[in-house]
$ cat start.cif   # mmCIF, C-alpha atoms
data_entry
#
loop_
_atom_site.label_atom_id
_atom_site.label_comp_id
_atom_site.auth_asym_id
_atom_site.auth_seq_id
_atom_site.Cartn_x
_atom_site.Cartn_y
_atom_site.Cartn_z
CA MET R 22 17.89 19.68 -5.04
CA GLN R 23 14.31 19.27 -6.18
CA LYS R 24 14.43 15.55 -5.38
CA LYS R 25 15.83 16.21 -1.93
CA GLU R 26 13.00 18.63 -1.19
CA MET R 27 10.46 16.04 -2.31
CA PHE R 28 11.96 13.46 0.06
CA LYS R 29 11.62 15.90 2.92
CA GLU R 30 7.86 15.64 2.47
CA LEU R 31 7.94 11.90 3.01
CA ASP R 32 6.71 10.74 6.40
CA PRO R 33 9.89 10.25 8.48
CA ILE R 34 8.18 7.56 10.56
CA LEU R 35 7.54 5.46 7.47
CA HIS R 36 10.67 6.37 5.57
CA SER R 37 12.78 3.86 7.44
CA GLN R 38 13.54 0.42 6.06
CA LEU R 39 12.35 -1.69 8.99
CA ARG R 40 9.34 0.44 9.92
CA LEU R 41 8.18 0.49 6.30
CA ALA R 42 8.61 -3.30 6.12
CA VAL R 43 6.52 -3.74 9.27
CA MET R 44 3.79 -1.44 7.96
CA SER R 45 3.69 -3.16 4.55
CA LEU R 46 3.40 -6.55 6.23
CA LEU R 47 0.66 -5.40 8.60
CA LEU R 48 -1.25 -3.83 5.74
CA SER R 49 -1.54 -7.26 4.11
CA VAL R 50 -2.96 -8.99 7.18
CA LYS R 51 -5.58 -8.27 9.81
CA GLU R 52 -3.14 -8.83 12.67
CA ALA R 53 0.21 -10.53 13.17
CA GLU R 54 2.26 -11.80 16.05
CA PHE R 55 5.60 -10.21 16.87
CA THR R 56 7.44 -13.47 16.09
CA PHE R 57 5.88 -13.58 12.62
CA ILE R 58 6.92 -9.98 11.86
CA LYS R 59 10.41 -10.70 13.18
CA GLU R 60 10.73 -13.75 10.93
CA LYS R 61 9.48 -11.95 7.81
CA THR R 62 11.61 -8.83 8.30
CA ASN R 63 14.74 -10.73 9.41
CA ALA R 64 15.14 -8.14 12.16
CA THR R 65 16.53 -8.72 15.65
CA ALA R 66 13.98 -8.74 18.48
CA GLY R 67 15.52 -5.66 20.10
CA ASN R 68 15.61 -3.59 16.94
CA LEU R 69 12.11 -4.61 15.93
CA SER R 70 10.81 -3.86 19.39
CA VAL R 71 12.14 -0.28 19.21
CA GLN R 72 10.66 0.30 15.72
CA VAL R 73 7.29 -1.20 16.69
CA GLN R 74 7.21 1.13 19.70
CA LYS R 75 7.86 4.14 17.40
CA LEU R 76 5.01 3.09 15.11
CA ARG R 77 2.74 2.61 18.10
CA GLU R 78 3.61 6.05 19.49
CA ALA R 79 2.78 7.58 16.10
CA GLY R 80 -0.62 5.87 16.29
CA TYR R 81 0.07 3.84 13.15
CA ILE R 82 -0.25 0.45 14.77
CA GLU R 83 -1.93 -1.09 17.78
CA VAL R 84 0.06 -3.43 20.00
CA VAL R 85 -1.73 -5.95 22.19
CA LYS R 86 0.22 -7.87 24.81
CA GLU R 87 -1.46 -10.95 26.23
CA PHE R 88 -0.77 -14.50 27.29
CA LYS R 89 -1.06 -17.38 24.85
CA ASP R 90 -0.62 -20.89 26.29
CA ASN R 91 0.96 -19.36 29.40
CA TYR R 92 3.56 -17.45 27.37
CA PRO R 93 3.58 -13.68 26.73
CA ASN R 94 2.45 -12.93 23.20
CA THR R 95 2.53 -9.61 21.35
CA THR R 96 0.15 -8.98 18.47
CA CYS R 97 0.25 -5.97 16.15
CA CYS R 98 -2.31 -4.56 13.76
CA ILE R 99 -2.41 -1.47 11.59
CA THR R 100 -4.78 1.38 12.57
CA ALA R 101 -6.92 3.62 10.34
CA VAL R 102 -4.39 6.43 10.95
CA GLY R 103 -1.62 4.04 9.86
CA ILE R 104 -3.45 3.09 6.66
CA LYS R 105 -4.00 6.75 5.79
CA ALA R 106 -0.35 7.61 6.48
CA PHE R 107 0.79 4.65 4.40
CA GLU R 108 -1.43 5.66 1.47
CA GLU R 109 -0.10 9.21 1.62
CA TYR R 110 3.45 7.92 1.78
CA VAL R 111 2.94 5.78 -1.33
CA LYS R 112 1.27 8.72 -3.10
CA ALA R 113 4.25 10.92 -2.24
CA LEU R 114 6.62 8.23 -3.57
CA GLN R 115 4.69 8.07 -6.82
CA GLU R 116 4.83 11.86 -7.15
CA TYR R 117 8.55 11.70 -6.58
CA LEU R 118 8.92 9.05 -9.28
CA LYS R 119 6.94 11.22 -11.71
CA VAL R 120 9.29 14.15 -11.03
CA GLY R 121 12.32 11.88 -11.48
CA GLN R 122 11.14 10.57 -14.84
CA PRO R 123 12.63 12.15 -17.99
CA LYS R 124 10.08 14.26 -19.89
CA MET C 26 16.84 -5.45 7.23
CA GLN C 27 19.42 -4.57 9.84
CA GLN C 28 20.24 -1.21 8.26
CA ASN C 29 16.91 0.25 9.25
CA ASN C 30 18.20 3.81 9.31
CA LYS C 31 19.54 3.62 5.78
CA GLN C 32 18.18 6.35 3.52
CA MET C 33 16.12 4.65 0.84
CA THR C 34 15.47 5.85 -2.67
CA GLU C 35 11.87 6.00 -3.88
CA SER C 36 12.33 2.85 -5.98
CA GLU C 37 13.84 0.97 -3.04
CA SER C 38 10.89 1.97 -0.87
CA LEU C 39 8.36 0.74 -3.44
CA ALA C 40 10.35 -2.47 -3.96
CA LEU C 41 10.38 -3.07 -0.20
CA ILE C 42 6.61 -2.50 0.09
CA SER C 43 5.98 -4.89 -2.78
CA ALA C 44 8.36 -7.53 -1.36
CA MET C 45 6.74 -7.45 2.09
CA ILE C 46 3.21 -7.66 0.69
CA ASN C 47 4.30 -10.67 -1.39
CA LYS C 48 5.90 -12.29 1.65
CA ALA C 49 2.59 -12.07 3.52
CA LYS C 50 0.66 -13.36 0.50
CA CYS C 51 2.95 -16.37 0.07
CA GLU C 52 2.71 -17.38 3.70
CA TYR C 53 0.85 -20.67 3.96
CA GLU C 54 -0.64 -21.21 7.36
CA ASP C 55 -3.44 -23.46 6.13
CA THR C 56 -2.33 -26.98 7.01
CA GLY C 57 -4.91 -28.52 4.66
CA LEU C 58 -5.84 -31.07 7.35
CA SER C 59 -9.52 -30.05 7.64
CA THR C 60 -9.96 -30.13 3.88
CA LEU C 61 -8.30 -33.54 3.66
CA LEU C 62 -10.37 -34.87 6.55
CA TRP C 63 -13.73 -33.93 5.01
CA GLY C 64 -12.65 -34.98 1.52
CA ALA C 65 -11.72 -38.43 2.83
CA VAL C 66 -14.75 -38.88 5.12
CA ILE C 67 -17.38 -37.87 2.54
CA THR C 68 -15.70 -40.01 -0.15
CA ILE C 69 -15.61 -43.07 2.14
CA CYS C 70 -19.24 -42.58 3.27
CA SER C 71 -20.47 -42.10 -0.31
CA LEU C 72 -18.64 -45.13 -1.71
CA VAL C 73 -19.55 -47.44 1.18
CA HIS C 74 -23.20 -46.32 0.98
CA PHE C 75 -23.20 -46.84 -2.79
CA THR C 76 -21.72 -50.35 -2.45
CA GLY C 77 -24.21 -51.15 0.32
CA LEU C 78 -27.16 -50.09 -1.81
CA LEU C 79 -25.95 -52.25 -4.70
CA LEU C 80 -25.56 -55.21 -2.34
CA LYS C 81 -28.94 -54.35 -0.73
CA ILE C 82 -27.59 -53.93 2.80
CA ASN C 83 -30.24 -51.77 4.47
CA SER C 84 -28.30 -50.58 7.49
CA ILE C 85 -25.40 -49.28 5.39
CA GLY C 86 -26.79 -45.72 5.54
CA ASN C 87 -25.49 -45.58 9.11
CA ILE C 88 -22.00 -45.11 7.65
CA TRP C 89 -22.85 -41.40 7.57
CA LEU C 90 -22.55 -41.41 11.38
CA LEU C 91 -18.84 -41.29 10.62
CA THR C 92 -19.35 -37.58 9.92
CA TYR C 93 -20.04 -37.06 13.67
CA VAL C 94 -16.61 -38.56 14.42
CA ALA C 95 -15.19 -36.18 11.79
CA VAL C 96 -16.84 -33.23 13.58
CA VAL C 97 -14.96 -34.16 16.78
CA ALA C 98 -11.70 -34.45 14.82
CA GLN C 99 -12.47 -31.10 13.15
CA VAL C 100 -12.90 -29.37 16.52
CA PHE C 101 -9.54 -30.82 17.64
CA ILE C 102 -7.81 -29.65 14.42
CA SER C 103 -9.37 -26.16 14.63
CA VAL C 104 -8.31 -25.63 18.25
CA ARG C 105 -4.75 -26.79 17.49
CA GLU C 106 -4.48 -24.61 14.37
CA ARG C 107 -5.84 -21.57 16.20
CA ARG C 108 -3.15 -21.98 18.86
CA ARG C 109 -0.39 -22.19 16.26
CA LYS C 110 -1.66 -19.34 14.09
CA ARG C 111 0.74 -16.41 14.04
CA PHE C 112 -1.26 -14.04 11.85
CA THR C 113 -4.83 -13.50 10.72
CA ARG C 114 -5.86 -12.53 7.22
CA HIS C 115 -8.60 -10.00 6.59
CA GLU C 116 -10.88 -12.64 5.07
CA ASP C 117 -10.32 -15.33 7.74
CA SER C 118 -13.30 -14.46 9.93
CA ALA C 119 -15.62 -14.18 6.90
CA ILE C 120 -14.54 -17.59 5.57
CA GLY C 121 -14.77 -19.08 9.06
CA GLY C 122 -18.34 -17.74 9.33
CA ILE C 123 -19.28 -19.28 5.98
CA TRP C 124 -17.99 -22.74 7.01
CA ILE C 125 -19.71 -22.59 10.40
CA SER C 126 -22.99 -21.63 8.65
CA PHE C 127 -22.46 -24.54 6.25
CA GLY C 128 -21.89 -26.95 9.15
CA VAL C 129 -25.08 -25.81 10.90
CA ALA C 130 -27.05 -25.95 7.62
CA MET C 131 -25.80 -29.49 6.90
CA PHE C 132 -26.80 -30.62 10.38
CA MET C 133 -30.28 -29.11 9.88
CA PHE C 134 -30.62 -30.62 6.39
CA SER C 135 -29.68 -34.05 7.77
CA TYR C 136 -32.23 -33.75 10.58
CA TYR C 137 -34.92 -32.47 8.22
CA THR C 138 -34.36 -35.21 5.64
CA SER C 139 -34.41 -37.88 8.36
CA ILE C 140 -37.90 -36.75 9.46
CA PHE C 141 -39.50 -35.98 6.10
CA ASN C 142 -39.30 -37.92 2.88
CA VAL C 143 -37.38 -35.49 0.68
CA PRO C 144 -36.72 -36.54 -2.93
CA SER C 145 -33.12 -36.19 -4.23
CA VAL C 146 -31.55 -35.53 -0.84
CA ASN C 147 -28.06 -35.83 -2.31
CA THR C 148 -28.79 -33.16 -4.91
CA ILE C 149 -29.52 -30.70 -2.10
CA PHE C 150 -26.32 -31.76 -0.34
CA LEU C 151 -24.27 -31.33 -3.53
CA ILE C 152 -25.65 -27.81 -4.02
CA ALA C 153 -24.77 -27.04 -0.38
CA TYR C 154 -21.22 -28.49 -0.73
CA GLY C 155 -20.55 -26.07 -3.57
CA ILE C 156 -21.40 -22.90 -1.60
CA PRO C 157 -18.59 -22.68 1.01
CA THR C 158 -16.12 -24.38 -1.33
CA PHE C 159 -16.66 -21.89 -4.13
CA ALA C 160 -16.74 -18.96 -1.67
CA THR C 161 -13.40 -20.04 -0.15
CA GLY C 162 -11.78 -20.56 -3.54
CA TYR C 163 -13.11 -17.24 -4.80
CA THR C 164 -12.09 -15.22 -1.74
CA ARG C 165 -8.64 -16.81 -1.37
CA ARG C 166 -8.10 -16.92 -5.13
CA PHE C 167 -7.39 -20.63 -4.74
CA LYS C 168 -8.39 -22.14 -8.07
CA PRO C 169 -8.57 -25.83 -7.05
CA MET C 170 -11.36 -25.01 -4.57
CA LEU C 171 -13.05 -22.65 -7.00
CA TRP C 172 -13.22 -25.44 -9.58
CA GLY C 173 -14.17 -27.88 -6.84
CA GLY C 174 -17.18 -25.71 -5.93
CA LEU C 175 -18.21 -25.52 -9.58
CA ALA C 176 -17.81 -29.31 -9.86
CA CYS C 177 -20.22 -29.78 -6.92
CA TRP C 178 -22.86 -27.74 -8.74
CA ALA C 179 -22.24 -29.54 -12.02
CA PHE C 180 -22.69 -32.89 -10.23
CA ALA C 181 -25.84 -31.49 -8.55
CA ILE C 182 -27.34 -30.79 -11.99
CA ALA C 183 -26.27 -34.23 -13.26
CA SER C 184 -27.76 -35.87 -10.16
CA MET C 185 -31.22 -34.56 -11.12
CA TYR C 186 -31.14 -36.93 -14.09
CA THR C 187 -29.36 -39.89 -12.45
CA PRO C 188 -30.86 -42.88 -10.57
CA THR C 189 -30.44 -42.74 -6.76
CA PRO C 190 -27.56 -45.12 -5.97
CA TYR C 191 -25.34 -43.58 -8.66
CA ILE C 192 -25.80 -40.08 -7.23
CA LEU C 193 -23.62 -41.27 -4.35
CA LEU C 194 -20.77 -41.62 -6.83
CA TYR C 195 -21.24 -37.93 -7.63
CA SER C 196 -21.00 -37.15 -3.90
CA GLY C 197 -17.73 -39.06 -3.69
CA ALA C 198 -16.35 -37.36 -6.79
CA SER C 199 -17.42 -33.94 -5.45
CA ALA C 200 -15.68 -34.60 -2.13
CA GLN C 201 -12.52 -35.50 -4.03
CA LEU C 202 -12.59 -32.46 -6.31
CA ALA C 203 -13.83 -29.92 -3.76
CA TRP C 204 -11.86 -30.97 -0.70
CA PHE C 205 -9.50 -33.93 -0.96
CA ILE C 206 -7.45 -32.78 -3.96
CA PRO C 207 -7.34 -29.09 -2.85
CA GLY C 208 -6.45 -30.41 0.62
CA LEU C 209 -3.51 -32.34 -0.80
CA ILE C 210 -2.32 -29.20 -2.62
CA LEU C 211 -2.67 -27.08 0.55
CA ARG C 212 -0.87 -29.71 2.62
CA ARG C 213 1.99 -29.88 0.13
CA ARG C 214 2.33 -26.09 0.07
CA TYR C 215 2.24 -25.95 3.86
CA LEU C 216 4.91 -28.62 4.27
CA ASN C 217 7.11 -27.00 1.62
CA ALA C 218 6.76 -23.59 3.30
CA LYS C 219 7.54 -25.18 6.67
CA LYS C 220 10.61 -26.87 5.23
CA GLY C 221 11.73 -23.53 3.79
CA ASN C 222 11.42 -21.83 7.17
CA VAL C 223 13.53 -24.38 9.06
#

$ encode --input "start.cif" --output "structure tokens"
Amino acid sequence: MQKKEMFKELDPILHSQLRLAVMSLLLSVKEAEFTFIKEKTNATAGNLSVQVQKLREAGYIEVVKEFKDNYPNTTCCITAVGIKAFEEYVKALQEYLKVGQPK
Amino acid sequence: MQQNNKQMTESESLALISAMINKAKCEYEDTGLSTLLWGAVITICSLVHFTGLLLKINSIGNIWLLTYVAVVAQVFISVRERRRKRFTRHEDSAIGGIWISFGVAMFMFSYYTSIFNVPSVNTIFLIAYGIPTFATGYTRRFKPMLWGGLACWAFAIASMYTPTPYILLYSGASAQLAWFIPGLILRRRYLNAKKGNV
């Protein structure tokens, strides 16, 4: 029960497999193209598009749509809000692990 | 990654974060072409100049004009790589700035040394070669370039006690250690990564 309560404190935006993967990837780079994120996460374009939109709405990432060599190109980068949320998420995970460890 | 709504445990979340960070780290987008180009050009110029000096061919110094051809090739490579680049690392703009500064400084050094009679011109060049090479190796944690940068400085010290024509051998060796060999390693990694993605 205690564990379950701890998980409730985790950011629901980040506590999703694909969204967390996207955020972790974007944290490691300055910016990345949609195709690169898709390749690294092995996600489908549709699914990834939905999750990217959710992260954008939460203010965790910035999405820039432009043309590159006459083709539409989407670039994503993590925001300061996103970095803070990610750090808090990791902190919460670590707290959870501490609680889970045998004394 | 398809089960994106799956409830993860705390260990799974941490493992996923770690895996994704590693995936980004292991991504090789550096084709190694620029490094190979400059490693080859400086080695050729140094060795041809050295041979020319030994054979007492006065006009052989003009071989360094080959570097202007390399600048054109470099611009072509940079534009093509920029188009193909799918992500940017945090340190990319800093490293790019260092190499552009180095290029401008080398151009100014060349102009300055062509006007004034500067002793041990190659020593100054060797010191300069080491700066962006070491900085790139240090920032990217790429040991071959880190050691290459240190080799440039070691050769610069040695060149202070070496007769002029033989300093050109140091320039050639520096170009090999600082650029050509790291370039080969980068190229190999890039091609292997590309093969893995197909």

$ closest_residue --input "start.cif" --among "R:Glu30, R:Leu35, R:Gln115, R:Val50" --to "chain C" --atoms "all atoms listed in the file"
R:Val50

$ closest_atom_pairs --input "start.cif" --of "chain R" --to "chain C" --cutoff "6 Å" --atoms "only C-alpha atoms" --output "Markdown table"
| residue | atom | partner | partner_atom | distance |
| --- | --- | --- | --- | --- |
| R:Ser37 | CA | C:Asn30 | CA | 5.7 |
| R:Gln38 | CA | C:Asn29 | CA | 4.6 |
| R:Leu39 | CA | C:Asn29 | CA | 5.0 |
| R:Ser45 | CA | C:Ile42 | CA | 5.4 |
| R:Leu46 | CA | C:Met45 | CA | 5.4 |
| R:Ser49 | CA | C:Ile46 | CA | 5.9 |
| R:Val50 | CA | C:Arg114 | CA | 4.6 |
| R:Lys51 | CA | C:His115 | CA | 4.7 |
| R:Glu52 | CA | C:Thr113 | CA | 5.3 |
| R:Ala53 | CA | C:Phe112 | CA | 4.0 |
| R:Glu54 | CA | C:Arg111 | CA | 5.3 |
| R:Ala64 | CA | C:Met26 | CA | 5.9 |
| R:Leu114 | CA | C:Glu35 | CA | 5.7 |

$ atom_distance --input "start.cif" --atom1 "atom CA of C:Asn217" --atom2 "atom CA of C:Thr60"
17.5 Å

$ atom_distance --input "start.cif" --atom1 "atom CA of C:Tyr136" --atom2 "atom CA of C:Pro188"
23.1 Å

$ closest_residue --input "start.cif" --among "C:Ser126, C:Ser135, C:Thr56, C:Thr161" --to "C:Trp89" --atoms "only C-alpha atoms"
C:Ser135

$ atom_distance --input "start.cif" --atom1 "atom CA of R:Ile58" --atom2 "atom CA of R:Val43"
6.8 Å

$ closest_residue --input "start.cif" --among "C:Asn147, C:Trp63, C:Leu78, C:Arg107" --to "C:Val94" --atoms "only C-alpha atoms"
C:Trp63

$ residues_around --input "start.cif" --residues "C:Leu80" --least-positions-apart "6" --cutoff "12 Å" --atoms "only C-alpha atoms" --output "list of chain:residue names"
C:Val73, C:His74, C:Pro190

$ residues_around --input "start.cif" --residues "stretch 100-110 of chain R" --least-positions-apart "6" --cutoff "9 Å" --atoms "only C-alpha atoms" --output "list of chain:residue names"
R:Glu30, R:Leu31, R:Asp32, R:Leu35, R:His36, R:Leu41, R:Met44, R:Ser45, R:Leu48, R:Leu76, R:Ala79, R:Gly80, R:Tyr81, R:Ile82, R:Glu83

$ closest_residue --input "start.cif" --among "C:Leu211, C:Phe205, C:Leu151, C:Leu194" --to "C:Phe167" --atoms "all atoms listed in the file"
C:Leu211

$ residues_near_point --input "start.cif" --point "(-6.9, -22.3, -7.8)" --cutoff "12 Å" --atoms "all atoms listed in the file" --output "list of chain:residue names"
C:Thr158, C:Phe159, C:Thr161, C:Gly162, C:Tyr163, C:Thr164, C:Arg165, C:Arg166, C:Phe167, C:Lys168, C:Pro169, C:Met170, C:Leu171, C:Trp172, C:Gly173, C:Gly174, C:Leu175, C:Leu202, C:Ala203, C:Ile206, C:Pro207, C:Gly208, C:Ile210, C:Leu211

$ build_atoms --input "start.cif" --residues "stretch 67-78 of chain R" --atoms "all heavy atoms" --output "CSV table (one decimal), in the coordinates of the input"
chain,number,residue,atom,x,y,z
R,67,GLY,N,15.3,-7.0,19.5
R,67,GLY,CA,15.5,-5.7,20.1
R,67,GLY,C,15.2,-4.5,19.1
R,67,GLY,O,14.5,-3.6,19.5
R,68,ASN,N,15.8,-4.6,18.0
R,68,ASN,CA,15.6,-3.6,16.9
R,68,ASN,C,14.1,-3.5,16.6
R,68,ASN,O,13.6,-2.4,16.5
R,68,ASN,CB,16.5,-3.9,15.7
R,68,ASN,CG,16.6,-2.8,14.7
R,68,ASN,OD1,16.1,-1.7,15.1
R,68,ASN,ND2,17.1,-3.0,13.6
R,69,LEU,N,13.5,-4.6,16.3
R,69,LEU,CA,12.1,-4.6,15.9
R,69,LEU,C,11.2,-4.0,17.0
R,69,LEU,O,10.3,-3.2,16.8
R,69,LEU,CB,11.7,-6.0,15.6
R,69,LEU,CG,10.2,-6.2,15.1
R,69,LEU,CD1,10.0,-5.4,13.8
R,69,LEU,CD2,9.9,-7.7,14.9
R,70,SER,N,11.6,-4.4,18.3
R,70,SER,CA,10.8,-3.9,19.4
R,70,SER,C,10.8,-2.3,19.4
R,70,SER,O,9.8,-1.7,19.6
R,70,SER,CB,11.4,-4.4,20.7
R,70,SER,OG,10.6,-4.3,21.7
R,71,VAL,N,12.0,-1.7,19.2
R,71,VAL,CA,12.1,-0.3,19.2
R,71,VAL,C,11.3,0.3,18.1
R,71,VAL,O,10.6,1.3,18.3
R,71,VAL,CB,13.6,0.1,19.0
R,71,VAL,CG1,13.8,1.6,18.8
R,71,VAL,CG2,14.4,-0.3,20.3
R,72,GLN,N,11.4,-0.3,16.9
R,72,GLN,CA,10.7,0.3,15.7
R,72,GLN,C,9.1,0.2,15.9
R,72,GLN,O,8.4,1.1,15.5
R,72,GLN,CB,11.1,-0.4,14.4
R,72,GLN,CG,12.6,-0.3,14.1
R,72,GLN,CD,13.2,1.0,14.3
R,72,GLN,OE1,12.6,2.1,14.0
R,72,GLN,NE2,14.4,1.1,14.9
R,73,VAL,N,8.7,-1.0,16.4
R,73,VAL,CA,7.3,-1.2,16.7
R,73,VAL,C,6.8,-0.1,17.7
R,73,VAL,O,5.7,0.4,17.5
R,73,VAL,CB,7.1,-2.7,17.2
R,73,VAL,CG1,5.7,-2.8,17.9
R,73,VAL,CG2,7.1,-3.6,16.1
R,74,GLN,N,7.6,0.1,18.7
R,74,GLN,CA,7.2,1.1,19.7
R,74,GLN,C,7.0,2.5,19.0
R,74,GLN,O,6.1,3.2,19.3
R,74,GLN,CB,8.3,1.2,20.8
R,74,GLN,CG,8.0,2.1,21.9
R,74,GLN,CD,6.8,1.7,22.7
R,74,GLN,OE1,6.3,0.6,22.6
R,74,GLN,NE2,6.2,2.7,23.5
R,75,LYS,N,7.9,2.8,18.1
R,75,LYS,CA,7.9,4.1,17.4
R,75,LYS,C,6.6,4.2,16.6
R,75,LYS,O,5.9,5.3,16.6
R,75,LYS,CB,9.1,4.3,16.5
R,75,LYS,CG,10.3,4.8,17.3
R,75,LYS,CD,11.5,5.1,16.4
R,75,LYS,CE,12.7,5.4,17.2
R,75,LYS,NZ,13.9,5.6,16.4
R,76,LEU,N,6.2,3.1,15.9
R,76,LEU,CA,5.0,3.1,15.1
R,76,LEU,C,3.8,3.2,16.0
R,76,LEU,O,2.8,3.8,15.7
R,76,LEU,CB,5.0,1.8,14.3
R,76,LEU,CG,5.9,1.7,13.1
R,76,LEU,CD1,6.0,0.3,12.5
R,76,LEU,CD2,5.6,2.7,12.0
R,77,ARG,N,3.9,2.6,17.2
R,77,ARG,CA,2.7,2.6,18.1
R,77,ARG,C,2.6,4.0,18.6
R,77,ARG,O,1.4,4.5,18.7
R,77,ARG,CB,3.0,1.6,19.3
R,77,ARG,CG,1.8,1.4,20.1
R,77,ARG,CD,2.1,0.5,21.3
R,77,ARG,NE,2.9,1.3,22.3
R,77,ARG,CZ,2.3,2.1,23.2
R,77,ARG,NH1,1.0,2.3,23.2
R,77,ARG,NH2,3.1,2.8,24.0
R,78,GLU,N,3.7,4.7,19.0
R,78,GLU,CA,3.6,6.0,19.5
R,78,GLU,C,3.0,7.0,18.4
R,78,GLU,O,2.4,8.0,18.8
R,78,GLU,CB,5.0,6.5,19.9
R,78,GLU,CG,5.4,6.0,21.3
R,78,GLU,CD,6.9,6.1,21.6
R,78,GLU,OE1,7.6,6.8,20.8
R,78,GLU,OE2,7.3,5.6,22.6
